[in-house]
$ cat upload-v6.cif   # mmCIF, C-alpha atoms (C1' of nucleotides)
data_coords
loop_
_atom_site.group_PDB
_atom_site.id
_atom_site.type_symbol
_atom_site.label_atom_id
_atom_site.label_comp_id
_atom_site.auth_asym_id
_atom_site.auth_seq_id
_atom_site.Cartn_x
_atom_site.Cartn_y
_atom_site.Cartn_z
ATOM 1 C CA MET X 1468 0.000 0.000 0.000
ATOM 2 C CA LYS X 1469 2.804 2.287 -0.904
ATOM 3 C CA ASN X 1470 0.598 5.144 -1.977
ATOM 4 C CA CYS X 1471 -0.575 5.737 1.530
ATOM 5 C CA VAL X 1472 2.105 6.954 3.848
ATOM 6 C CA LEU X 1473 1.672 7.939 7.422
ATOM 7 C CA GLN X 1474 3.879 10.532 8.918
ATOM 8 C CA ARG X 1475 4.353 11.343 12.532
ATOM 9 C CA ARG X 1476 6.093 14.216 14.100
ATOM 10 C CA ASN X 1477 8.946 13.756 16.443
ATOM 11 C CA LYS X 1478 9.694 16.052 19.230
ATOM 12 C CA ARG X 1479 12.632 18.257 18.527
ATOM 13 C CA LEU X 1480 14.952 19.677 21.077
ATOM 14 C CA ARG X 1481 13.692 22.847 22.625
ATOM 15 C CA THR X 1482 15.858 25.814 21.746
ATOM 16 C CA LYS X 1483 16.411 28.449 24.339
ATOM 17 C CA ASN X 1484 13.946 31.069 23.163
ATOM 18 C CA SER X 1485 11.634 29.275 20.852
ATOM 19 C CA PRO X 1486 8.561 27.259 21.633
ATOM 20 C CA GLU X 1487 8.941 23.635 20.916
ATOM 21 C CA ARG X 1488 8.783 22.725 17.287
ATOM 22 C CA ARG X 1489 8.543 19.328 15.829
ATOM 23 C CA ASP X 1490 9.726 17.719 12.637
ATOM 24 C CA TRP X 1491 7.866 15.297 10.483
ATOM 25 C CA LYS X 1492 9.056 11.783 10.364
ATOM 26 C CA ARG X 1493 7.825 9.804 7.440
ATOM 27 C CA MET X 1494 7.146 6.147 7.612
ATOM 28 C CA LYS X 1495 5.212 3.577 5.737
ATOM 29 C CA LEU X 1496 1.654 3.252 6.889
ATOM 30 C CA GLU X 1497 1.826 -0.468 7.445
ATOM 31 C CA ASP X 1498 5.011 -0.206 9.476
ATOM 32 C CA ASP X 1499 3.558 2.081 12.089
ATOM 33 C CA ASP X 1500 2.481 0.674 15.398
ATOM 34 C CA GLY X 1501 -0.783 2.561 15.290
ATOM 35 C CA ILE X 1502 -1.626 1.028 11.943
ATOM 36 C CA GLN X 1503 -2.378 -2.517 11.089
ATOM 37 C CA GLU X 1504 -3.891 -4.633 8.404
ATOM 38 C CA GLU X 1505 -7.278 -5.938 9.269
ATOM 39 C CA ASP X 1506 -9.628 -8.462 7.780
ATOM 40 C CA ASP X 1507 -12.454 -7.475 5.547
ATOM 41 C CA THR X 1508 -15.043 -7.469 8.283
ATOM 42 C CA LYS X 1509 -17.180 -4.652 7.034
ATOM 43 C CA GLY X 1510 -19.694 -6.706 5.109
ATOM 44 C CA GLY X 1511 -18.266 -5.715 1.767
ATOM 45 C CA GLU X 1512 -19.557 -7.334 -1.386
ATOM 46 C CA PHE X 1513 -16.521 -6.675 -3.547
ATOM 47 C CA SER X 1514 -15.195 -9.740 -5.321
ATOM 48 C CA HIS X 1515 -11.881 -9.442 -3.500
ATOM 49 C CA PRO X 1516 -11.460 -8.618 0.167
ATOM 50 C CA ILE X 1517 -10.723 -4.974 0.726
ATOM 51 C CA PRO X 1518 -7.280 -4.500 2.301
ATOM 52 C CA TRP X 1519 -8.326 -2.178 5.089
ATOM 53 C CA GLN X 1520 -5.706 -0.524 7.171
ATOM 54 C CA LYS X 1521 -6.613 0.513 10.690
ATOM 55 C CA ILE X 1522 -5.371 3.875 11.905
ATOM 56 C CA GLU X 1523 -5.653 4.335 15.647
ATOM 57 C CA ALA X 1524 -4.552 6.785 18.276
ATOM 58 C CA GLU X 1525 -6.034 8.061 21.528
ATOM 59 C CA GLY X 1526 -9.632 8.922 20.630
ATOM 60 C CA LEU X 1527 -8.974 8.345 16.935
ATOM 61 C CA ASP X 1528 -10.303 5.439 14.928
ATOM 62 C CA CYS X 1529 -10.017 5.403 11.137
ATOM 63 C CA ASP X 1530 -9.972 2.818 8.399
ATOM 64 C CA TYR X 1531 -8.257 3.363 5.082
ATOM 65 C CA ALA X 1532 -8.412 1.408 1.831
ATOM 66 C CA LEU X 1533 -8.077 1.785 -1.892
ATOM 67 C CA ILE X 1534 -11.520 0.836 -3.077
ATOM 68 C CA PHE X 1535 -11.276 1.925 -6.727
ATOM 69 C CA SER X 1536 -8.726 0.853 -9.313
ATOM 70 C CA LYS X 1537 -6.860 3.598 -11.122
ATOM 71 C CA LYS X 1538 -9.038 3.118 -14.178
ATOM 72 C CA GLU X 1539 -12.255 3.314 -12.157
ATOM 73 C CA ALA X 1540 -11.032 6.312 -10.237
ATOM 74 C CA ASP X 1541 -9.996 8.084 -13.445
ATOM 75 C CA GLU X 1542 -13.469 7.556 -14.880
ATOM 76 C CA LEU X 1543 -15.214 8.702 -11.726
ATOM 77 C CA PHE X 1544 -13.089 11.813 -11.633
ATOM 78 C CA GLN X 1545 -13.940 12.673 -15.229
ATOM 79 C CA HIS X 1546 -17.648 12.066 -14.710
ATOM 80 C CA LEU X 1547 -17.679 14.266 -11.631
ATOM 81 C CA GLU X 1548 -15.899 17.005 -13.535
ATOM 82 C CA GLU X 1549 -18.786 16.931 -15.996
ATOM 83 C CA GLU X 1550 -21.669 16.484 -13.557
ATOM 84 C CA VAL X 1551 -20.957 18.380 -10.364
ATOM 85 C CA VAL X 1552 -22.134 21.977 -10.126
ATOM 86 C CA TYR X 1553 -20.218 23.961 -7.521
ATOM 87 C CA SER X 1554 -21.421 26.863 -5.461
ATOM 88 C CA THR X 1555 -20.711 30.381 -6.613
ATOM 89 C CA GLY X 1556 -21.249 33.879 -5.329
ATOM 90 C CA GLU X 1557 -22.430 34.231 -1.747
ATOM 91 C CA GLU X 1558 -22.545 30.481 -1.292
ATOM 92 C CA ALA X 1559 -18.819 30.318 -1.987
ATOM 93 C CA LYS X 1560 -17.970 32.717 0.812
ATOM 94 C CA VAL X 1561 -17.432 32.173 4.512
ATOM 95 C CA GLN X 1562 -17.218 34.473 7.499
ATOM 96 C CA VAL X 1563 -14.420 33.917 10.000
ATOM 97 C CA TYR X 1564 -13.605 36.249 12.898
ATOM 98 C CA GLY X 1565 -15.874 38.880 11.465
ATOM 99 C CA LYS X 1566 -14.380 38.941 7.996
ATOM 100 C CA VAL X 1567 -15.812 37.520 4.801
ATOM 101 C CA TYR X 1568 -13.581 35.442 2.546
ATOM 102 C CA ASN X 1569 -13.888 33.396 -0.583
ATOM 103 C CA ILE X 1570 -13.334 29.804 0.407
ATOM 104 C CA PRO X 1571 -10.023 28.533 -1.007
ATOM 105 C CA ARG X 1572 -11.620 25.645 -2.930
ATOM 106 C CA LYS X 1573 -14.952 24.830 -4.606
ATOM 107 C CA GLN X 1574 -17.838 23.234 -2.764
ATOM 108 C CA ALA X 1575 -21.055 21.421 -3.598
ATOM 109 C CA THR X 1576 -23.682 19.540 -1.595
ATOM 110 C CA TYR X 1577 -25.770 16.633 -2.834
ATOM 111 C CA GLY X 1578 -28.126 14.283 -1.048
ATOM 112 C CA ASP X 1579 -31.628 13.008 -0.468
ATOM 113 C CA THR X 1580 -34.514 15.269 -1.376
ATOM 114 C CA ASP X 1581 -35.159 18.194 0.973
ATOM 115 C CA LEU X 1582 -32.100 17.555 3.107
ATOM 116 C CA THR X 1583 -30.362 20.554 4.567
ATOM 117 C CA TYR X 1584 -27.047 20.680 6.323
ATOM 118 C CA LYS X 1585 -25.598 23.398 8.505
ATOM 119 C CA TYR X 1586 -21.844 23.899 8.734
ATOM 120 C CA SER X 1587 -19.548 26.859 9.180
ATOM 121 C CA GLY X 1588 -22.589 28.913 10.044
ATOM 122 C CA VAL X 1589 -24.351 28.473 6.726
ATOM 123 C CA THR X 1590 -27.277 26.267 5.816
ATOM 124 C CA ARG X 1591 -27.076 24.406 2.562
ATOM 125 C CA SER X 1592 -29.709 22.374 0.788
ATOM 126 C CA ALA X 1593 -28.773 19.230 -1.051
ATOM 127 C CA CYS X 1594 -28.955 18.932 -4.828
ATOM 128 C CA PRO X 1595 -30.459 15.641 -6.034
ATOM 129 C CA TRP X 1596 -27.988 12.761 -6.452
ATOM 130 C CA THR X 1597 -26.352 12.449 -9.862
ATOM 131 C CA PRO X 1598 -25.785 8.987 -11.389
ATOM 132 C CA THR X 1599 -22.065 9.059 -10.649
ATOM 133 C CA LEU X 1600 -22.602 10.187 -7.071
ATOM 134 C CA GLU X 1601 -25.140 7.387 -6.574
ATOM 135 C CA ASN X 1602 -22.611 4.885 -7.914
ATOM 136 C CA ILE X 1603 -19.931 6.087 -5.544
ATOM 137 C CA ARG X 1604 -22.351 6.263 -2.622
ATOM 138 C CA ASP X 1605 -23.439 2.674 -3.242
ATOM 139 C CA ALA X 1606 -19.838 1.491 -3.525
ATOM 140 C CA VAL X 1607 -19.058 3.142 -0.202
ATOM 141 C CA THR X 1608 -22.074 1.455 1.367
ATOM 142 C CA LYS X 1609 -20.956 -1.929 0.057
ATOM 143 C CA ALA X 1610 -17.473 -1.372 1.379
ATOM 144 C CA THR X 1611 -18.518 -0.131 4.803
ATOM 145 C CA GLY X 1612 -21.990 -1.448 5.560
ATOM 146 C CA HIS X 1613 -23.166 2.097 6.279
ATOM 147 C CA THR X 1614 -25.761 4.102 4.383
ATOM 148 C CA PHE X 1615 -25.476 7.818 3.704
ATOM 149 C CA ASN X 1616 -28.006 10.490 2.793
ATOM 150 C CA PHE X 1617 -25.686 13.400 2.037
ATOM 151 C CA VAL X 1618 -22.338 14.174 0.452
ATOM 152 C CA LEU X 1619 -20.220 17.309 0.732
ATOM 153 C CA ILE X 1620 -17.920 17.729 -2.261
ATOM 154 C CA ASN X 1621 -14.754 19.797 -2.094
ATOM 155 C CA ARG X 1622 -12.679 20.440 -5.224
ATOM 156 C CA TYR X 1623 -9.101 21.634 -4.808
ATOM 157 C CA LYS X 1624 -7.849 22.908 -8.151
ATOM 158 C CA ASP X 1625 -4.190 22.698 -7.100
ATOM 159 C CA GLY X 1626 -1.970 22.681 -4.035
ATOM 160 C CA LEU X 1627 -2.851 26.257 -3.167
ATOM 161 C CA ASP X 1628 -6.480 25.335 -2.636
ATOM 162 C CA HIS X 1629 -6.804 24.009 0.888
ATOM 163 C CA MET X 1630 -8.963 23.658 4.000
ATOM 164 C CA GLY X 1631 -8.190 24.882 7.476
ATOM 165 C CA GLU X 1632 -8.241 22.839 10.636
ATOM 166 C CA HIS X 1633 -11.700 21.905 11.898
ATOM 167 C CA ARG X 1634 -13.845 19.114 13.239
ATOM 168 C CA ASP X 1635 -17.033 17.818 11.660
ATOM 169 C CA ASP X 1636 -18.966 18.175 14.869
ATOM 170 C CA GLU X 1637 -22.246 19.463 13.494
ATOM 171 C CA LYS X 1638 -25.210 18.636 15.691
ATOM 172 C CA GLU X 1639 -27.241 17.087 12.912
ATOM 173 C CA LEU X 1640 -24.653 14.461 12.026
ATOM 174 C CA ASP X 1641 -25.560 10.976 13.169
ATOM 175 C CA PRO X 1642 -23.044 10.456 15.987
ATOM 176 C CA ALA X 1643 -22.975 6.718 15.412
ATOM 177 C CA CYS X 1644 -22.268 6.913 11.688
ATOM 178 C CA PRO X 1645 -18.735 7.313 10.377
ATOM 179 C CA ILE X 1646 -17.891 9.948 7.790
ATOM 180 C CA ALA X 1647 -16.648 8.340 4.600
ATOM 181 C CA SER X 1648 -14.141 10.364 2.615
ATOM 182 C CA ILE X 1649 -13.416 9.465 -1.014
ATOM 183 C CA SER X 1650 -10.361 10.963 -2.687
ATOM 184 C CA LEU X 1651 -10.028 11.346 -6.457
ATOM 185 C CA GLY X 1652 -7.264 13.070 -8.381
ATOM 186 C CA ALA X 1653 -4.099 14.522 -6.922
ATOM 187 C CA GLU X 1654 -2.747 12.976 -3.740
ATOM 188 C CA ARG X 1655 -2.827 15.436 -0.871
ATOM 189 C CA ASP X 1656 -1.583 15.415 2.695
ATOM 190 C CA PHE X 1657 -4.286 15.151 5.334
ATOM 191 C CA ILE X 1658 -3.415 16.151 8.908
ATOM 192 C CA PHE X 1659 -5.063 15.095 12.158
ATOM 193 C CA ARG X 1660 -4.342 17.051 15.361
ATOM 194 C CA HIS X 1661 -5.699 16.193 18.790
ATOM 195 C CA ARG X 1662 -7.788 19.000 20.302
ATOM 196 C CA ASP X 1663 -5.786 18.928 23.538
ATOM 197 C CA ALA X 1664 -2.485 19.308 21.713
ATOM 198 C CA ARG X 1665 -3.401 22.592 20.022
ATOM 199 C CA GLY X 1666 -2.440 26.066 21.037
ATOM 200 C CA ARG X 1667 -0.137 27.401 23.685
ATOM 201 C CA ASN X 1668 -1.963 25.950 26.675
ATOM 202 C CA GLY X 1669 -2.653 22.725 24.889
ATOM 203 C CA SER X 1670 0.021 21.251 27.016
ATOM 204 C CA ARG X 1671 -0.710 17.676 26.148
ATOM 205 C CA GLN X 1672 1.870 16.570 23.645
ATOM 206 C CA ILE X 1673 0.041 14.265 21.299
ATOM 207 C CA GLU X 1674 1.677 13.844 17.920
ATOM 208 C CA PRO X 1675 -0.305 14.910 14.896
ATOM 209 C CA LEU X 1676 -0.949 12.245 12.270
ATOM 210 C CA LYS X 1677 -0.350 12.815 8.596
ATOM 211 C CA LEU X 1678 -1.935 10.709 5.882
ATOM 212 C CA GLU X 1679 -1.497 10.851 2.138
ATOM 213 C CA LEU X 1680 -4.871 10.255 0.578
ATOM 214 C CA ALA X 1681 -4.482 8.401 -2.694
ATOM 215 C CA HIS X 1682 -6.518 8.503 -5.909
ATOM 216 C CA GLY X 1683 -9.411 6.072 -5.450
ATOM 217 C CA SER X 1684 -9.051 5.777 -1.688
ATOM 218 C CA LEU X 1685 -11.629 5.707 1.085
ATOM 219 C CA LEU X 1686 -10.892 7.041 4.556
ATOM 220 C CA LEU X 1687 -13.491 6.125 7.177
ATOM 221 C CA MET X 1688 -13.522 8.399 10.190
ATOM 222 C CA ASN X 1689 -15.256 6.462 12.928
ATOM 223 C CA PRO X 1690 -16.599 7.878 16.165
ATOM 224 C CA PRO X 1691 -15.247 9.334 18.343
ATOM 225 C CA THR X 1692 -12.523 10.622 16.007
ATOM 226 C CA ASN X 1693 -14.354 13.853 15.250
ATOM 227 C CA THR X 1694 -14.828 14.598 18.918
ATOM 228 C CA PHE X 1695 -11.145 14.657 19.739
ATOM 229 C CA TRP X 1696 -9.268 15.296 16.509
ATOM 230 C CA TYR X 1697 -9.178 18.267 14.156
ATOM 231 C CA HIS X 1698 -8.262 17.678 10.535
ATOM 232 C CA SER X 1699 -7.004 19.871 7.732
ATOM 233 C CA LEU X 1700 -5.777 19.815 4.147
ATOM 234 C CA PRO X 1701 -2.781 22.157 4.120
ATOM 235 C CA VAL X 1702 -1.303 24.114 1.221
ATOM 236 C CA ARG X 1703 1.161 22.132 -0.852
ATOM 237 C CA ARG X 1704 2.703 24.376 -3.484
ATOM 238 C CA LYS X 1705 4.189 21.549 -5.499
ATOM 239 C CA ILE X 1706 0.794 20.003 -6.236
ATOM 240 C CA LEU X 1707 -0.385 21.255 -9.634
ATOM 241 C CA GLN X 1708 -3.288 18.886 -10.303
ATOM 242 C CA PRO X 1709 -6.854 19.010 -8.973
ATOM 243 C CA ARG X 1710 -8.294 16.780 -6.267
ATOM 244 C CA ILE X 1711 -11.968 16.070 -5.636
ATOM 245 C CA ASN X 1712 -12.983 14.931 -2.175
ATOM 246 C CA LEU X 1713 -16.401 13.528 -1.320
ATOM 247 C CA THR X 1714 -17.399 13.170 2.317
ATOM 248 C CA PHE X 1715 -20.478 11.004 2.726
ATOM 249 C CA ARG X 1716 -22.481 11.632 5.869
ATOM 250 C CA ARG X 1717 -25.690 10.636 7.573
ATOM 251 C CA ILE X 1718 -27.772 13.574 8.664
ATOM 252 C CA LEU X 1719 -30.462 13.324 11.327
ATOM 253 C CA ASN X 1720 -33.424 15.588 12.040
ATOM 254 C CA CYS X 1721 -33.902 16.294 8.385
ATOM 255 C CA LYS X 1722 -35.641 19.609 8.065
ATOM 256 C CA LYS X 1723 -38.004 19.997 5.198
ATOM 257 C CA LEU X 1724 -37.633 23.076 3.077
ATOM 258 C CA LYS X 1725 -40.656 25.283 3.207
ATOM 259 C "C1'" DG P 360 31.404 22.123 3.286
ATOM 260 C "C1'" DG P 361 29.771 26.812 4.545
ATOM 261 C "C1'" DA P 362 27.566 31.199 3.690
ATOM 262 C "C1'" DC P 363 23.868 33.084 1.619
ATOM 263 C "C1'" DC P 364 19.228 33.330 0.037
ATOM 264 C "C1'" DA P 365 14.622 32.258 -1.673
ATOM 265 C "C1'" DC P 366 11.034 29.498 -0.755
ATOM 266 C "C1'" DC P 367 7.959 27.008 2.030
ATOM 267 C "C1'" DA P 368 5.603 24.804 6.130
ATOM 268 C "C1'" DC P 369 3.973 25.367 10.682
ATOM 269 C "C1'" DC P 370 1.325 27.593 13.989
ATOM 270 C "C1'" DG P 371 -0.512 31.275 16.887
ATOM 271 C "C1'" DA P 372 -3.227 35.639 16.632
ATOM 272 C "C1'" DC P 373 -7.261 37.606 15.271
ATOM 273 C "C1'" DC N 1326 -12.491 27.424 9.603
ATOM 274 C "C1'" DG N 1327 -10.471 32.280 6.945
ATOM 275 C "C1'" DT N 1328 -5.761 35.166 6.314
ATOM 276 C "C1'" DC N 1329 -1.579 36.996 8.104
ATOM 277 C "C1'" DG N 1330 2.956 37.263 10.172
ATOM 278 C "C1'" DG N 1331 6.813 35.318 12.821
ATOM 279 C "C1'" DT N 1332 9.909 31.868 12.658
ATOM 280 C "C1'" DG N 1333 12.691 28.320 11.419
ATOM 281 C "C1'" DG N 1334 13.652 24.433 8.128
ATOM 282 C "C1'" DT N 1335 15.098 23.140 3.392
ATOM 283 C "C1'" DG N 1336 17.579 23.020 -0.515
ATOM 284 C "C1'" DG N 1337 19.950 25.275 -4.457
ATOM 285 C "C1'" DT N 1338 24.108 27.771 -5.774
ATOM 286 C "C1'" DC N 1339 28.599 29.610 -5.655
#
$ encode --input "upload-v6.cif" --output "structure tokens"
Amino acid sequence: MKNCVLQRRNKRLRTKNSPERRDWKRMKLEDDDGIQEEDDTKGGEFSHPIPWQKIEAEGLDCDYALIFSKKEADELFQHLEEEVVYSTGEEAKVQVYGKVYNIPRKQATYGDTDLTYKYSGVTRSACPWTPTLENIRDAVTKATGHTFNFVLINRYKDGLDHMGEHRDDEKELDPACPIASISLGAERDFIFRHRDARGRNGSRQIEPLKLELAHGSLLLMNPPTNTFWYHSLPVRRKILQPRINLTFRRILNCKKLK
DNA sequence: GGACCACCACCGAC
DNA sequence: CGTCGGTGGTGGTC
């Protein structure tokens, strides 16, 4: 599974006037002690067992696998490029600390009829599923045994498009259902940081985790990961190709649009 | 190898 | 969950 690499940060010696900084240490995913191969126990119906890799840390529980071949993933990417309609104008802006910004990526929301989803202070309604999105959704269900009624799509046109650190802790997310994240296109780094290891007073020293999310991969973020760990997709200037990410979710308390 | 420099990643502040 | 700035690492070149 050489196209998924986990990196951990090592503590670096404290210098006399600087806060502690840490360096990344790169290692193969399957060699890490927090990561292990596991059997295909997720009720998948693929003809071959899916080689899941477990990613675990304190309060973090993820599963990672390549579920699409390169050819399949290439086709899905192309179809999404043709089908998905991304938000523009006001819907492509966000307000943070009192200032309005254009989000540094493109976003779209699809799902069951009349579903709405609130995140980052804005309420979005779901567009009806497209054929390609239904195909991917059904493949994710077969691979995981979970059903989903909503997908948030983020398109990063190159390594300058990114997403800041956050948790998916929205109230209307089913707390028992994992979030399933499909990656298509350029491989990007994906960083997890424990909430108690952030900031100056975050005196707990829990190492961040770094994943490389490959073309055609599925990352399952199981509870309680989103309670304890922030995640982000940082800028990577060397990446020149686009990446499309689909996060499938289950939303409760579906509010009907009036 | 060392000095220099441009670039880039990290992370706290807001 | 946005940008900005401080800071220090990285890597190319002479």
$ closest_atom_pairs --input "upload-v6.cif" --of "chain P" --to "chain X" --cutoff "12 Å" --atoms "all atoms listed in the file" --output "CSV"
residue,atom,partner,partner_atom,distance
P:DC366,C1',X:Arg1704,CA,10.2
P:DC367,C1',X:Arg1704,CA,8.1
P:DA368,C1',X:Val1702,CA,8.5
P:DC369,C1',X:Arg1488,CA,8.6
P:DC370,C1',X:Gly1666,CA,8.1
P:DG371,C1',X:Gly1666,CA,6.9
P:DA372,C1',X:Gly1666,CA,10.6
P:DC373,C1',X:Tyr1564,CA,6.9
$ resolve_selection --input "upload-v6.cif" --expression "the PyMOL selection byres ((chain N and resi 1327) around 7)" --output "list of chain:residue names"
X:Val1563, X:Tyr1568, N:DC1326, N:DT1328
$ interface_residues --input "upload-v6.cif" --of "chain X" --to "chain N" --cutoff "10 Å" --atoms "all atoms listed in the file" --output "list in words"
Ser1485, Arg1488, Asp1490, Lys1560, Val1561, Gln1562, Val1563, Tyr1564, Gly1565, Lys1566, Val1567, Tyr1568, Asn1569, Ile1570, Pro1571, Ser1587, Met1630, Gly1631, Glu1632, His1633, Arg1634 and Ser1699 of chain X
$ resolve_selection --input "upload-v6.cif" --expression "the PyMOL selection byres ((chain X and resi 1710) around 7)" --output "list in words"
Arg1622, Tyr1623, Lys1624, Leu1651, Gly1652, Ala1653, Gln1708, Pro1709, Ile1711 and Asn1712 of chain X
$ atom_distance --input "upload-v6.cif" --atom1 "CA of Leu1640 in chain X" --atom2 "CA of Val1552 in chain X"
23.5 Å
$ residues_around --input "upload-v6.cif" --residues "range 1604-1619 of chain X" --least-positions-apart "4" --cutoff "9 Å" --atoms "only C-alpha atoms (C1' of nucleotides)" --output "MDAnalysis selection string"
chainID X and resid 1507:1513 1517 1534 1574:1579 1582:1584 1593 1596 1599:1600 1644:1647 1649 1685 1687 1712:1718
$ atom_distance --input "upload-v6.cif" --atom1 "CA of Glu1654 in chain X" --atom2 "CA of Ser1684 in chain X"
9.8 Å
$ atom_distance --input "upload-v6.cif" --atom1 "CA of Asn1693 in chain X" --atom2 "CA of Gly1526 in chain X"
8.7 Å
$ resolve_selection --input "upload-v6.cif" --expression "the PyMOL selection byres ((chain X and resi 1696) around 7)" --output "PDB file with C-alpha atoms, keeping the file's coordinate frame"
ATOM      1  CA  LEU X1527      -8.974   8.345  16.935  1.00  0.00           C
ATOM      2  CA  ARG X1634     -13.845  19.114  13.239  1.00  0.00           C
ATOM      3  CA  PHE X1659      -5.063  15.095  12.158  1.00  0.00           C
ATOM      4  CA  ARG X1660      -4.342  17.051  15.361  1.00  0.00           C
ATOM      5  CA  HIS X1661      -5.699  16.193  18.790  1.00  0.00           C
ATOM      6  CA  ARG X1662      -7.788  19.000  20.302  1.00  0.00           C
ATOM      7  CA  THR X1692     -12.523  10.622  16.007  1.00  0.00           C
ATOM      8  CA  ASN X1693     -14.354  13.853  15.250  1.00  0.00           C
ATOM      9  CA  THR X1694     -14.828  14.598  18.918  1.00  0.00           C
ATOM     10  CA  PHE X1695     -11.145  14.657  19.739  1.00  0.00           C
ATOM     11  CA  TYR X1697      -9.178  18.267  14.156  1.00  0.00           C
ATOM     12  CA  HIS X1698      -8.262  17.678  10.535  1.00  0.00           C
TER      13      HIS X1698
END
$ closest_residue --input "upload-v6.cif" --among "X:Leu1533, X:Cys1594, X:Met1688, X:Ala1559" --to "Ser1648 in chain X" --atoms "only C-alpha atoms"
X:Met1688
$ closest_residue --input "upload-v6.cif" --among "X:Lys1705, X:Glu1525, X:His1515, X:Leu1547" --to "Glu1674 in chain X" --atoms "only C-alpha atoms"
X:Glu1525
$ axis_aligned_box --input "upload-v6.cif" --around "range 1574-1586 of chain X" --padding-each-side "3 Å" --output "JSON"
{"center_x": -26.5, "center_y": 18.5, "center_z": 2.6, "size_x": 23.3, "size_y": 16.9, "size_z": 18.3}
